[in-house]
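Structure data follow from final-v9.cif (mmCIF, C-alpha atoms):
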data_final
loop_
_atom_site.label_atom_id
_atom_site.label_comp_id
_atom_site.auth_asym_id
_atom_site.auth_seq_id
_atom_site.Cartn_x
_atom_site.Cartn_y
_atom_site.Cartn_z
CA MET A 1 0.00 0.00 0.00
CA ASN A 2 1.24 3.50 -0.79
CA SER A 3 2.78 5.05 2.35
CA ARG A 4 0.76 8.23 1.82
CA TRP A 5 -2.52 6.24 1.96
CA ILE A 6 -1.32 4.31 5.01
CA PHE A 7 -0.69 7.62 6.78
CA ARG A 8 -4.13 8.91 5.82
CA PHE A 9 -5.79 5.64 6.91
CA PHE A 10 -4.25 5.65 10.39
CA GLY A 11 -4.77 9.37 10.67
CA LEU A 12 -8.49 8.84 10.02
CA ILE A 13 -8.66 6.16 12.72
CA TYR A 14 -6.89 8.55 15.10
CA MET A 15 -9.53 11.23 14.47
CA ILE A 16 -12.50 8.83 14.76
CA ALA A 17 -11.40 7.02 17.92
CA PRO A 18 -12.01 9.94 20.34
CA LEU A 19 -15.48 10.47 18.85
CA VAL A 20 -16.46 6.84 19.41
CA ALA A 21 -15.15 6.90 22.97
CA GLU A 22 -17.03 10.12 23.68
CA ALA A 23 -20.28 8.69 22.30
CA GLU A 24 -19.97 5.68 24.62
CA THR A 25 -19.41 7.73 27.77
CA GLU A 26 -22.42 7.56 30.11
CA PRO A 27 -23.29 11.10 31.26
CA VAL A 28 -25.65 10.08 34.09
CA SER A 29 -24.03 9.04 37.34
CA VAL A 30 -25.19 8.09 40.84
CA VAL A 31 -23.07 8.56 43.96
CA LEU A 32 -23.90 7.36 47.47
CA SER A 33 -22.28 9.02 50.47
CA GLN A 34 -22.67 8.97 54.22
CA SER A 35 -24.75 11.70 55.76
CA ALA A 36 -23.55 13.51 58.85
CA ASP A 37 -26.41 11.82 60.66
CA GLN A 38 -25.14 8.37 59.69
CA ILE A 39 -21.61 9.16 60.80
CA ALA A 40 -22.74 10.71 64.08
CA THR A 41 -25.32 8.21 65.33
CA GLY A 42 -24.95 5.04 63.28
CA LYS A 43 -28.35 5.38 61.65
CA THR A 44 -28.88 4.17 58.09
CA SER A 45 -29.37 7.60 56.53
CA ILE A 46 -27.42 8.03 53.30
CA ILE A 47 -27.13 10.76 50.66
CA VAL A 48 -28.01 9.90 47.06
CA THR A 49 -26.72 12.24 44.33
CA ILE A 50 -27.82 11.82 40.71
CA ARG A 51 -25.99 13.97 38.16
CA ASN A 52 -26.55 14.54 34.45
CA ASP A 53 -23.29 15.71 32.87
CA GLY A 54 -24.74 15.51 29.38
CA ASP A 55 -26.10 18.26 27.15
CA GLN A 56 -29.69 16.94 27.04
CA ALA A 57 -32.34 16.41 29.72
CA VAL A 58 -33.00 12.89 31.01
CA THR A 59 -36.42 11.60 32.08
CA ILE A 60 -36.60 9.68 35.37
CA SER A 61 -39.63 7.92 36.86
CA LYS A 62 -40.45 9.26 40.32
CA PHE A 63 -41.08 5.68 41.41
CA GLN A 64 -37.43 4.83 40.74
CA LEU A 65 -36.19 7.75 42.86
CA PRO A 66 -35.63 7.34 46.61
CA PHE A 67 -36.49 10.94 47.56
CA ASP A 68 -39.49 12.51 49.31
CA TRP A 69 -41.41 9.35 50.24
CA HIS A 70 -41.40 10.17 53.98
CA GLY A 71 -41.36 6.49 54.89
CA PRO A 72 -41.13 3.18 52.97
CA LEU A 73 -39.89 3.31 49.37
CA PRO A 74 -42.32 2.53 46.49
CA ASN A 75 -40.13 -0.34 45.26
CA ARG A 76 -36.84 -2.05 45.93
CA GLN A 77 -34.12 0.34 44.70
CA PHE A 78 -31.11 -0.64 46.81
CA ASP A 79 -29.09 -3.78 47.37
CA VAL A 80 -28.21 -3.92 51.08
CA ILE A 81 -25.73 -6.72 51.82
CA ASP A 82 -24.17 -7.91 55.06
CA PHE A 83 -20.52 -8.87 55.51
CA GLN A 84 -21.32 -12.50 54.63
CA GLY A 85 -22.81 -11.50 51.27
CA GLN A 86 -26.46 -11.96 52.29
CA LYS A 87 -29.00 -9.49 50.89
CA GLN A 88 -31.14 -7.85 53.56
CA GLU A 89 -34.89 -8.23 53.30
CA TYR A 90 -36.82 -5.42 51.60
CA SER A 91 -39.81 -4.39 53.72
CA GLY A 92 -41.09 -1.35 51.84
CA SER A 93 -43.94 -1.14 49.31
CA TRP A 94 -44.32 -2.49 45.80
CA ASP A 95 -46.39 0.24 44.12
CA LYS A 96 -48.38 -0.67 41.01
CA VAL A 97 -48.55 2.42 38.78
CA VAL A 98 -51.39 2.88 36.29
CA GLY A 99 -50.27 4.41 33.01
CA ARG A 100 -47.37 6.80 32.65
CA PRO A 101 -48.74 10.34 33.12
CA ALA A 102 -46.38 13.33 32.98
CA SER A 103 -46.85 13.80 36.74
CA SER A 104 -44.99 10.53 37.33
CA PHE A 105 -41.70 11.85 35.95
CA VAL A 106 -38.85 14.18 36.75
CA HIS A 107 -36.78 15.78 33.99
CA LEU A 108 -33.16 16.13 35.03
CA GLY A 109 -31.77 18.93 32.87
CA ALA A 110 -28.36 19.12 31.25
CA HIS A 111 -25.59 19.52 33.85
CA GLN A 112 -28.10 19.39 36.70
CA THR A 113 -28.07 17.38 39.93
CA LEU A 114 -30.70 15.74 42.15
CA THR A 115 -29.73 14.99 45.73
CA GLY A 116 -31.48 13.89 48.87
CA THR A 117 -31.22 11.85 52.07
CA VAL A 118 -32.74 8.39 52.47
CA GLU A 119 -33.31 6.49 55.72
CA LEU A 120 -32.94 2.85 54.69
CA ARG A 121 -34.42 1.29 57.84
CA TYR A 122 -37.90 2.35 56.77
CA SER A 123 -37.59 -0.07 53.84
CA TYR A 124 -35.02 -2.73 54.79
CA ARG A 125 -34.69 -5.10 57.73
CA PHE A 126 -31.07 -5.07 58.88
CA ASP A 127 -30.02 -8.32 60.53
CA THR A 128 -27.49 -7.13 63.11
CA GLN A 129 -27.28 -10.33 65.17
CA VAL A 130 -23.82 -11.12 63.81
CA SER A 131 -22.45 -7.79 62.62
CA ASN A 132 -23.33 -4.12 62.14
CA HIS A 133 -21.28 -3.89 58.94
CA PHE A 134 -23.16 -3.65 55.63
CA THR A 135 -22.77 -2.30 52.11
CA VAL A 136 -25.41 -0.56 49.99
CA GLN A 137 -25.70 0.07 46.24
CA TYR A 138 -28.43 1.86 44.28
CA SER A 139 -29.70 1.03 40.78
CA LEU A 140 -31.47 3.64 38.63
CA PRO A 141 -33.30 2.34 35.52
CA LEU A 142 -33.65 4.83 32.68
CA GLY A 143 -35.93 4.53 29.66
CA ILE A 144 -39.22 4.56 31.59
CA VAL A 145 -40.90 7.59 30.05
CA GLU A 146 -44.25 9.26 29.47
CA GLU A 147 -46.70 7.41 27.24
CA GLY A 148 -46.11 8.19 23.58
CA THR A 149 -42.48 9.23 24.10
CA GLU A 150 -40.88 5.77 24.23
CA PRO A 151 -37.17 5.73 23.34
CA ASP A 152 -35.82 3.97 20.30
CA GLU A 153 -34.44 0.69 21.66
CA ASN A 154 -31.84 0.74 18.88
CA SER A 155 -30.42 4.12 19.93
CA PRO A 156 -26.64 3.68 19.95
CA SER A 157 -25.76 6.56 22.22
CA TYR A 158 -26.91 9.26 24.60
CA SER A 159 -26.43 11.92 21.89
CA VAL A 160 -29.03 10.14 19.74
CA ASP A 161 -31.53 9.46 22.55
CA PRO A 162 -30.77 10.44 26.18
CA ASN A 163 -33.66 8.22 27.37
CA ARG A 164 -32.44 5.00 25.82
CA ILE A 165 -33.07 2.05 28.12
CA ARG A 166 -30.28 1.17 30.54
CA VAL A 167 -29.57 0.87 34.28
CA ILE A 168 -27.17 3.16 36.13
CA THR A 169 -25.54 1.68 39.23
CA SER A 170 -23.95 3.67 42.03
CA ASN A 171 -20.76 3.11 43.97
CA VAL A 172 -20.83 0.55 46.81
CA LEU A 173 -21.08 2.40 50.14
CA PRO A 174 -19.99 0.77 53.45
CA LEU A 175 -22.37 1.22 56.39
CA ASN A 176 -21.63 0.68 60.07
CA ILE A 177 -24.97 1.04 61.81
CA ASP A 178 -26.51 1.10 65.26
CA ALA A 179 -29.81 -0.77 64.96
CA THR A 180 -30.99 0.63 68.30
CA SER A 181 -30.95 4.28 67.18
CA PRO A 182 -34.55 5.59 67.16
CA LEU A 183 -36.61 6.19 64.03
CA ASP A 184 -39.32 8.80 63.60
CA PRO A 185 -42.30 7.25 65.48
CA ALA A 186 -44.82 8.75 63.06
CA VAL A 187 -43.13 7.08 60.10
CA ALA A 188 -42.31 3.84 61.89
CA SER A 189 -45.99 3.36 62.73
CA ALA A 190 -46.73 3.20 59.00
CA GLU A 191 -45.02 -0.20 58.79
CA PRO A 192 -47.31 -2.90 57.33
CA SER A 193 -49.29 -4.86 59.87
CA ALA A 194 -48.81 -8.57 60.44
CA PHE A 195 -50.60 -10.94 58.11
CA VAL A 196 -54.15 -11.68 59.31
CA PRO A 197 -55.83 -13.77 56.61
CA ALA A 198 -59.41 -12.97 55.68
CA SER A 199 -61.40 -16.03 54.68
CA LEU A 200 -62.96 -16.04 51.25
CA LEU A 201 -66.26 -16.87 52.95
CA GLU A 202 -65.96 -13.72 55.07
CA PHE A 203 -65.19 -11.67 51.95
CA ARG A 204 -68.27 -13.07 50.24
CA GLN A 205 -70.41 -12.29 53.26
CA LEU A 206 -69.07 -8.73 53.31
CA ALA A 207 -69.77 -8.39 49.58
CA ALA A 208 -73.33 -9.59 50.08
CA GLY A 209 -73.87 -7.28 53.05
CA GLU A 210 -74.54 -10.29 55.30
CA ILE A 211 -71.96 -9.20 57.88
CA ASN A 212 -70.43 -5.88 58.88
CA ASP A 213 -66.79 -5.64 59.94
CA PRO A 214 -66.00 -2.17 61.39
CA ASN A 215 -62.26 -2.82 60.91
CA HIS A 216 -62.63 -3.58 57.21
CA THR A 217 -61.97 -0.53 55.02
CA CYS A 218 -63.73 -1.86 51.91
CA ASN A 219 -67.40 -1.20 51.27
CA VAL A 220 -69.79 -3.77 49.78
CA PRO A 221 -69.25 -2.89 46.06
CA GLN A 222 -65.48 -2.73 46.55
CA THR A 223 -65.42 -6.12 48.26
CA ALA A 224 -67.39 -7.66 45.40
CA ALA A 225 -64.94 -6.14 42.89
CA ILE A 226 -61.99 -7.57 44.83
CA ILE A 227 -63.43 -11.08 44.86
CA ALA A 228 -64.03 -10.92 41.10
CA ALA A 229 -60.53 -9.51 40.49
CA PHE A 230 -58.86 -12.32 42.45
CA SER A 231 -60.86 -14.86 40.45
CA ASP A 232 -59.86 -13.21 37.17
CA ALA A 233 -56.20 -13.00 38.29
CA LYS A 234 -56.18 -16.73 39.05
CA SER A 235 -57.58 -17.38 35.58
CA VAL A 236 -54.73 -15.34 34.05
CA ILE A 237 -52.13 -17.28 36.05
CA ASN A 238 -53.57 -20.71 35.24
CA ASN A 239 -53.81 -19.86 31.55
CA SER A 240 -50.24 -18.49 31.63
CA LEU A 241 -48.97 -21.78 33.05
CA GLY A 242 -50.76 -23.67 30.29
CA TYR A 243 -49.40 -21.28 27.67
CA VAL A 244 -45.81 -21.86 28.81
CA ASN A 245 -46.41 -25.60 28.64
CA SER A 246 -47.53 -25.24 25.00
CA MET A 247 -44.11 -23.86 23.95
CA PHE A 248 -42.82 -27.39 23.50
CA GLY A 249 -43.24 -29.80 20.62
CA THR A 250 -42.21 -33.43 20.30
CA THR A 251 -38.56 -32.42 19.89
CA GLY A 252 -38.41 -29.79 22.62
CA PHE A 253 -38.78 -26.00 22.57
CA ASP A 254 -40.48 -24.78 19.37
CA ALA A 255 -39.65 -21.13 18.67
CA THR A 256 -42.45 -20.87 16.09
CA LYS A 257 -45.29 -21.47 18.54
CA PRO A 258 -47.29 -18.38 19.60
CA ALA A 259 -46.49 -19.06 23.25
CA SER A 260 -42.77 -19.15 22.45
CA VAL A 261 -42.96 -15.84 20.60
CA SER A 262 -44.67 -14.22 23.61
CA TYR A 263 -42.20 -15.81 26.00
CA VAL A 264 -39.18 -14.44 24.11
CA LYS A 265 -40.87 -11.04 23.77
CA TRP A 266 -41.35 -10.54 27.51
CA PHE A 267 -38.78 -12.85 29.17
CA GLY A 268 -35.96 -13.14 26.66
CA GLU A 269 -34.31 -15.92 24.71
CA TYR A 270 -35.17 -19.44 25.85
CA ASP A 271 -32.16 -21.04 27.56
CA GLY A 272 -33.51 -24.29 29.04
CA ASP A 273 -33.56 -27.92 28.03
CA GLY A 274 -37.32 -28.28 27.75
CA LYS A 275 -39.69 -30.05 30.10
CA MET A 276 -38.10 -32.59 32.39
CA PRO A 277 -40.13 -35.35 34.08
CA GLY A 278 -39.82 -35.19 37.84
CA GLU A 279 -41.63 -35.99 41.04
CA GLY A 280 -44.92 -34.14 41.18
CA GLY A 281 -44.97 -33.35 37.46
CA ASN A 282 -42.78 -31.62 34.91
CA TYR A 283 -40.21 -29.00 35.76
CA TYR A 284 -38.43 -26.53 33.50
CA ALA A 285 -34.73 -25.87 33.25
CA GLY A 286 -33.10 -22.45 32.88
CA ARG A 287 -34.97 -19.17 33.15
CA ALA A 288 -38.23 -20.87 32.13
CA GLY A 289 -38.03 -22.63 35.50
CA VAL A 290 -37.94 -19.23 37.18
CA VAL A 291 -40.97 -18.08 35.18
CA VAL A 292 -43.02 -21.16 36.04
CA ALA A 293 -42.04 -21.02 39.72
CA THR A 294 -43.02 -17.33 39.85
CA MET A 295 -46.42 -18.06 38.31
CA ARG A 296 -47.00 -20.91 40.76
CA SER A 297 -45.95 -18.64 43.62
CA ALA A 298 -48.47 -16.00 42.54
CA LEU A 299 -51.17 -18.67 42.26
CA TYR A 300 -50.38 -19.84 45.77
CA ALA A 301 -50.52 -16.27 47.09
CA SER A 302 -53.90 -15.64 45.42
CA SER A 303 -55.64 -18.04 47.79
CA THR A 304 -54.12 -20.27 50.43
CA HIS A 305 -55.99 -23.14 52.04
CA THR A 306 -55.93 -23.95 55.73
CA GLY A 307 -58.17 -26.44 57.50
CA GLY A 308 -60.49 -26.70 54.52
CA GLN A 309 -60.99 -22.92 54.45
CA SER A 310 -59.83 -20.67 51.60
CA TYR A 311 -58.04 -17.42 52.42
CA VAL A 312 -57.13 -14.35 50.38
CA PRO A 313 -54.30 -11.88 51.08
CA LEU A 314 -55.14 -9.21 53.63
CA THR A 315 -56.74 -6.64 51.35
CA GLU A 316 -57.64 -3.12 52.42
CA CYS A 317 -59.22 -0.31 50.41
CA GLN A 318 -57.22 2.53 51.85
CA CYS A 319 -53.78 3.82 50.88
CA PRO A 320 -51.60 6.10 53.02
CA ALA A 321 -52.03 9.86 52.83
CA GLY A 322 -49.84 11.35 50.14
CA THR A 323 -50.09 8.35 47.79
CA LEU A 324 -49.81 9.60 44.21
CA PRO A 325 -53.07 9.33 42.22
CA GLU A 326 -51.54 7.02 39.58
CA VAL A 327 -50.85 4.31 42.18
CA ALA A 328 -53.47 1.56 41.96
CA ALA A 329 -52.15 -0.77 44.64
CA LYS A 330 -49.39 -1.33 47.17
CA ALA A 331 -48.12 -4.79 48.07
CA ARG A 332 -46.57 -4.63 51.53
CA GLY A 333 -45.31 -6.93 54.22
CA ASN A 334 -46.38 -10.55 54.11
CA TYR A 335 -49.44 -11.01 51.88
CA GLN A 336 -50.89 -7.53 52.38
CA ILE A 337 -52.32 -5.51 49.49
CA LEU A 338 -53.53 -1.95 49.87
CA LEU A 339 -55.91 -0.96 47.08
CA CYS A 340 -56.06 2.73 46.16
CA GLU A 341 -58.80 4.76 44.51
CA ALA A 342 -57.21 4.27 41.08
CA PHE A 343 -57.71 0.49 41.37
CA PHE A 344 -61.48 0.77 41.42
CA ASN A 345 -61.44 3.11 38.41
CA LEU A 346 -59.81 0.39 36.27
CA LYS A 347 -61.62 -2.01 33.99
CA ALA A 348 -62.20 -5.44 35.47
CA THR A 349 -60.25 -7.15 32.66
CA GLY A 350 -58.59 -6.33 29.34
CA GLY A 351 -56.09 -3.66 28.33
CA ASP A 352 -52.65 -2.98 29.74
CA ASP A 353 -54.14 -1.96 33.08
CA SER A 354 -57.02 -3.82 34.70
CA ARG A 355 -57.99 -4.91 38.19
CA ALA A 356 -57.14 -8.54 37.37
CA LEU A 357 -53.68 -7.77 35.99
CA THR A 358 -52.97 -5.35 38.84
CA LEU A 359 -53.57 -8.10 41.38
CA TYR A 360 -51.49 -10.58 39.33
CA HIS A 361 -48.66 -8.01 39.25
CA GLU A 362 -48.81 -7.53 43.03
CA LEU A 363 -49.13 -11.26 43.78
CA THR A 364 -45.79 -11.94 42.07
CA HIS A 365 -44.10 -9.68 44.65
CA PHE A 366 -44.91 -11.97 47.57
CA LYS A 367 -42.22 -14.39 48.64
CA SER A 368 -43.08 -18.09 48.42
CA ALA A 369 -41.09 -21.31 48.38
CA ILE A 370 -42.37 -23.31 45.41
CA ALA A 371 -41.54 -26.94 44.60
CA ASP A 372 -40.23 -27.35 41.06
CA GLY A 373 -40.94 -31.08 40.76
CA ARG A 374 -37.41 -32.34 41.39
CA GLY A 375 -38.02 -34.44 44.46
CA GLY A 376 -38.87 -31.60 46.82
CA THR A 377 -36.39 -29.03 45.51
CA THR A 378 -37.85 -25.55 45.97
CA GLN A 379 -37.29 -22.08 44.61
CA VAL A 380 -38.01 -18.97 46.69
CA ARG A 381 -39.71 -16.62 44.27
CA GLN A 382 -40.32 -12.88 44.54
CA THR A 383 -40.35 -10.36 41.69
CA TRP A 384 -39.07 -6.80 41.75
CA ASP A 385 -40.01 -3.65 39.85
CA TYR A 386 -37.03 -3.15 37.56
CA GLY A 387 -39.27 -0.99 35.38
CA TYR A 388 -42.57 -0.86 33.55
CA GLY A 389 -44.06 -0.10 30.14
CA ALA A 390 -43.99 -2.26 27.01
CA SER A 391 -40.87 -0.64 25.53
CA PHE A 392 -38.87 -1.01 28.73
CA ASP A 393 -40.04 -4.59 29.33
CA GLN A 394 -39.21 -5.75 25.80
CA SER A 395 -35.78 -4.13 25.91
CA LEU A 396 -35.13 -5.73 29.29
CA ALA A 397 -36.02 -9.14 27.80
CA LYS A 398 -33.52 -8.62 24.97
CA THR A 399 -30.65 -7.23 26.98
CA GLN A 400 -31.14 -8.50 30.57
CA PRO A 401 -33.30 -11.65 30.50
CA ALA A 402 -32.22 -12.62 34.02
CA GLN A 403 -33.87 -9.41 35.23
CA ALA A 404 -36.88 -9.78 32.90
CA VAL A 405 -37.90 -13.06 34.55
CA ASN A 406 -37.85 -11.20 37.89
CA ASN A 407 -39.76 -8.11 36.70
CA ALA A 408 -43.41 -7.98 37.82
CA ASP A 409 -44.61 -5.91 34.86
CA SER A 410 -43.24 -8.52 32.42
CA TYR A 411 -45.61 -11.14 33.89
CA GLU A 412 -48.51 -8.72 33.58
CA LYS A 413 -47.74 -8.10 29.88
CA PHE A 414 -47.29 -11.83 29.20
CA GLY A 415 -50.62 -12.52 30.94
CA LEU A 416 -52.40 -10.08 28.64
CA ASP A 417 -50.94 -11.86 25.59
CA VAL A 418 -52.15 -15.18 27.01
CA MET A 419 -55.75 -14.11 27.58
CA ARG A 420 -55.99 -12.54 24.15
CA TYR A 421 -54.52 -15.64 22.50
CA TYR A 422 -57.12 -17.85 24.15
CA GLY A 423 -59.85 -15.39 23.19
CA VAL A 424 -61.20 -15.13 26.73
CA SER A 425 -64.26 -12.87 26.86
CA GLY A 426 -63.52 -9.38 28.17
CA TRP A 427 -59.85 -9.41 27.16
#
Written as structure tokens, how would this file's structure read?
Amino acid sequence: MNSRWIFRFFGLIYMIAPLVAEAETEPVSVVLSQSADQIATGKTSIIVTIRNDGDQAVTISKFQLPFDWHGPLPNRQFDVIDFQGQKQEYSGSWDKVVGRPASSFVHLGAHQTLTGTVELRYSYRFDTQVSNHFTVQYSLPLGIVEEGTEPDENSPSYSVDPNRIRVITSNVLPLNIDATSPLDPAVASAEPSAFVPASLLEFRQLAAGEINDPNHTCNVPQTAAIIAAFSDAKSVINNSLGYVNSMFGTTGFDATKPASVSYVKWFGEYDGDGKMPGEGGNYYAGRAGVVVATMRSALYASSTHTGGQSYVPLTECQCPAGTLPEVAAKARGNYQILLCEAFFNLKATGGDDSRALTLYHELTHFKSAIADGRGGTTQVRQTWDYGYGASFDQSLAKTQPAQAVNNADSYEKFGLDVMRYYGVSGW
């Protein structure tokens, strides 16, 4: 090759390289630091700082921010880990948001910063029996945006689309806490109550006006709507389990089947070995095993059976003061669901948001140990809210399938596909 052209070729690479590197630089960052309060008293108050060093504004869902909740967080946003590597239990809320109105978002302008203090003990149970040493890390999903403004999932860089879908993780912050330091009594009293199951018979009697429970916050029409919604949610779950089972042909997983297309769309590429015969029925290898166990867990949570009596999760028709109007429900504690005003304004079934799908979404958040058919082997299942919205969920399935199978909204979207495929009336 002519030496002059070689010089020009490498000179061109030299000029392009900085541009490529610059395009790949992430302008949004999250930093955790200790607050003076944490240093002084050993509380679990930390400072979260989110900075946009780019030249365009970034949209952030309020429900993925840890600020201004004055108590439990609306979803699990932090990983809190003890010195043995064990994640600490999340005890805050799992808020189900209806739609994506503009009021649900914050726009972080170019070269702007958001900062605030978070008290982690309102949302996490710190096990200090062995040690008071922990670490904490925060994850901020981006790409959840107002309806009609979904980002292009193929956007290669921030300069093309600042709201492309990705997750920003913070630094890992060490914590040395004093679990005996007092919390604000007014906020601490908002902790979810212990699980007191309400029998399905009692719910039916309340719905029919046959009994009156002064401690029950749901009126007769609301109670009837709840009973119907639980029934519809169970139908979605049972049909979803059957739909997953139909992904397989005589030679294993069949990517051409409608169920397989839906599975890949919401949960990502299939990575298992098909159905395996085991004790108690078939089990599924790979991430499909996680999906099936999660569905079975939600089915179990929808109605447990004790002594021949059927029970439903503790369901109340009252959400805390200050709950944003787009919140339909809050799953809290152990099998407790708080239903907000927005829940009763939803359709019973059908569409992206319905009472049935809202309950299915919330039921996947409850922790259950589910047998997978391998001689008593169990999986402890509990979904998180990595994000929501069709664009976000589909991108998550493509890029982070391990998170997609643990994302509550992905099950809701898959359930809608299932009911429409089967042509169930009302869907």
Within 9 Å of region 409-424 of chain A using only C-alpha atoms, minus same-chain residues under 3 positions, as a PyMOL selection string: chain A and resi 96+235-237+239-240+243+258-259+262-263+265-267+291+294-295+350-353+357-358+360-361+364+384-390+393-394+397+404-406+427
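With all atoms listed in the file as the basis for measurement, A:Asp271 is the residue among A:Glu316, A:Glu147, A:Glu362, A:Asp271 that approaches Ala402 (chain A) most closely.
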Dump as CSV the rows for residues of region 23-74 of chain A within 6 Å of region 160-175 of chain A: closest atom pair and distance in Å with one decimal, all atoms listed in the file counted, ordered by chain and rising residue number.
residue,atom,partner,partner_atom,distance
A:Val30,CA,A:Ser170,CA,4.7
A:Val31,CA,A:Ser170,CA,5.3
A:Val58,CA,A:Pro162,CA,5.9
Pull the closest atom pair for each residue of region 303-417 of chain A that gets at most 8 Å from region 87-93 of chain A, along with the distance in Å to one decimal, counting only C-alpha atoms, ordering rows by chain and then ascending residue number, as a tab-separated table.
residue	atom	partner	partner_atom	distance
A:Lys330	CA	A:Ser93	CA	5.9
A:Ala331	CA	A:Ser93	CA	5.7
A:Arg332	CA	A:Ser93	CA	4.9
A:Gly333	CA	A:Ser91	CA	6.1
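The interatomic distance for the pair CA of Tyr270 (chain A) and CA of Gly286 (chain A) works out to 7.9 Å.
The interatomic distance for the pair CA of Gly54 (chain A) and CA of Ser139 (chain A) works out to 19.1 Å.
Nearest-residue note for Gly71 (chain A): choosing from A:Gln84, A:Asn176, A:Thr59, A:Thr323, the minimum distance belongs to A:Thr323, counting all atoms listed in the file.
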Write out as a PyMOL selection string each polymer residue whose atoms come within 7 Å of Val97 (chain A), counting all atoms listed in the file; drop sequence neighbours fewer than 4 positions from it. chain A and resi 326-328
Please write the residues from the selection above to a file, keeping C-alpha atoms, as a PDB file, in the frame of the given file.
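Result file again_20.pdb:
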ATOM      1  CA  GLU A 326     -51.540   7.020  39.580  1.00  0.00           C
ATOM      2  CA  VAL A 327     -50.850   4.310  42.180  1.00  0.00           C
ATOM      3  CA  ALA A 328     -53.470   1.560  41.960  1.00  0.00           C
TER       4      ALA A 328
END
When the PyMOL selection byres ((chain A and resi 299) around 9) is applied to the structure above, which residues does it catch, written out as a count of residues only? 17
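Rounded to one decimal, CA of Leu140 (chain A) and CA of Thr113 (chain A) lie 14.2 Å from each other.
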Do a neighbour search on Thr399 (chain A) at 8 Å with only C-alpha atoms, toss out local chain neighbours closer than 3 positions, and write the hits as an MDAnalysis selection string. chainID A and resid 268 395:396
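This file, queried with the PyMOL selection byres ((chain A and resi 248) around 12), gives the residues Gly242, Tyr243, Val244, Asn245, Ser246, Met247, Gly249, Thr250, Thr251, Gly252, Phe253, Asp254, Ala255, Thr256, Lys257, Pro258, Ala259, Ser260, Val261, Tyr263, Tyr270, Gly272, Asp273, Gly274, Lys275, Met276, Tyr284 and Ala288 of chain A.
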Given the file shown, enumerate the residues that the PyMOL selection byres ((chain A and resi 224) around 10) captures and present them as an NGL selection string. :A and (203-208 or 218-223 or 225-229)
Please tabulate, as JSON lines, the residues of region 31-123 of chain A that come within 7 Å of region 128-137 of chain A, each with its closest pair of atoms and the distance in Å to one decimal, counting only C-alpha atoms and ordering rows by chain, then residue number upward.
{"residue": "A:Phe78", "atom": "CA", "partner": "A:Gln137", "partner_atom": "CA", "distance": 5.5}
{"residue": "A:Asp79", "atom": "CA", "partner": "A:Gln137", "partner_atom": "CA", "distance": 5.3}
{"residue": "A:Val80", "atom": "CA", "partner": "A:Val136", "partner_atom": "CA", "distance": 4.5}
{"residue": "A:Ile81", "atom": "CA", "partner": "A:Thr135", "partner_atom": "CA", "distance": 5.3}
{"residue": "A:Asp82", "atom": "CA", "partner": "A:Phe134", "partner_atom": "CA", "distance": 4.4}
{"residue": "A:Phe83", "atom": "CA", "partner": "A:Phe134", "partner_atom": "CA", "distance": 5.9}
How big is the axis-aligned box around all listed atoms of region 398-407 of chain A once 8 Å goes on each side, and where's its centre, in Å to one decimal, as AutoDock Vina command-line options?
--center_x -35.2 --center_y -10.1 --center_z 31.4 --size_x 25.1 --size_y 21.8 --size_z 28.9
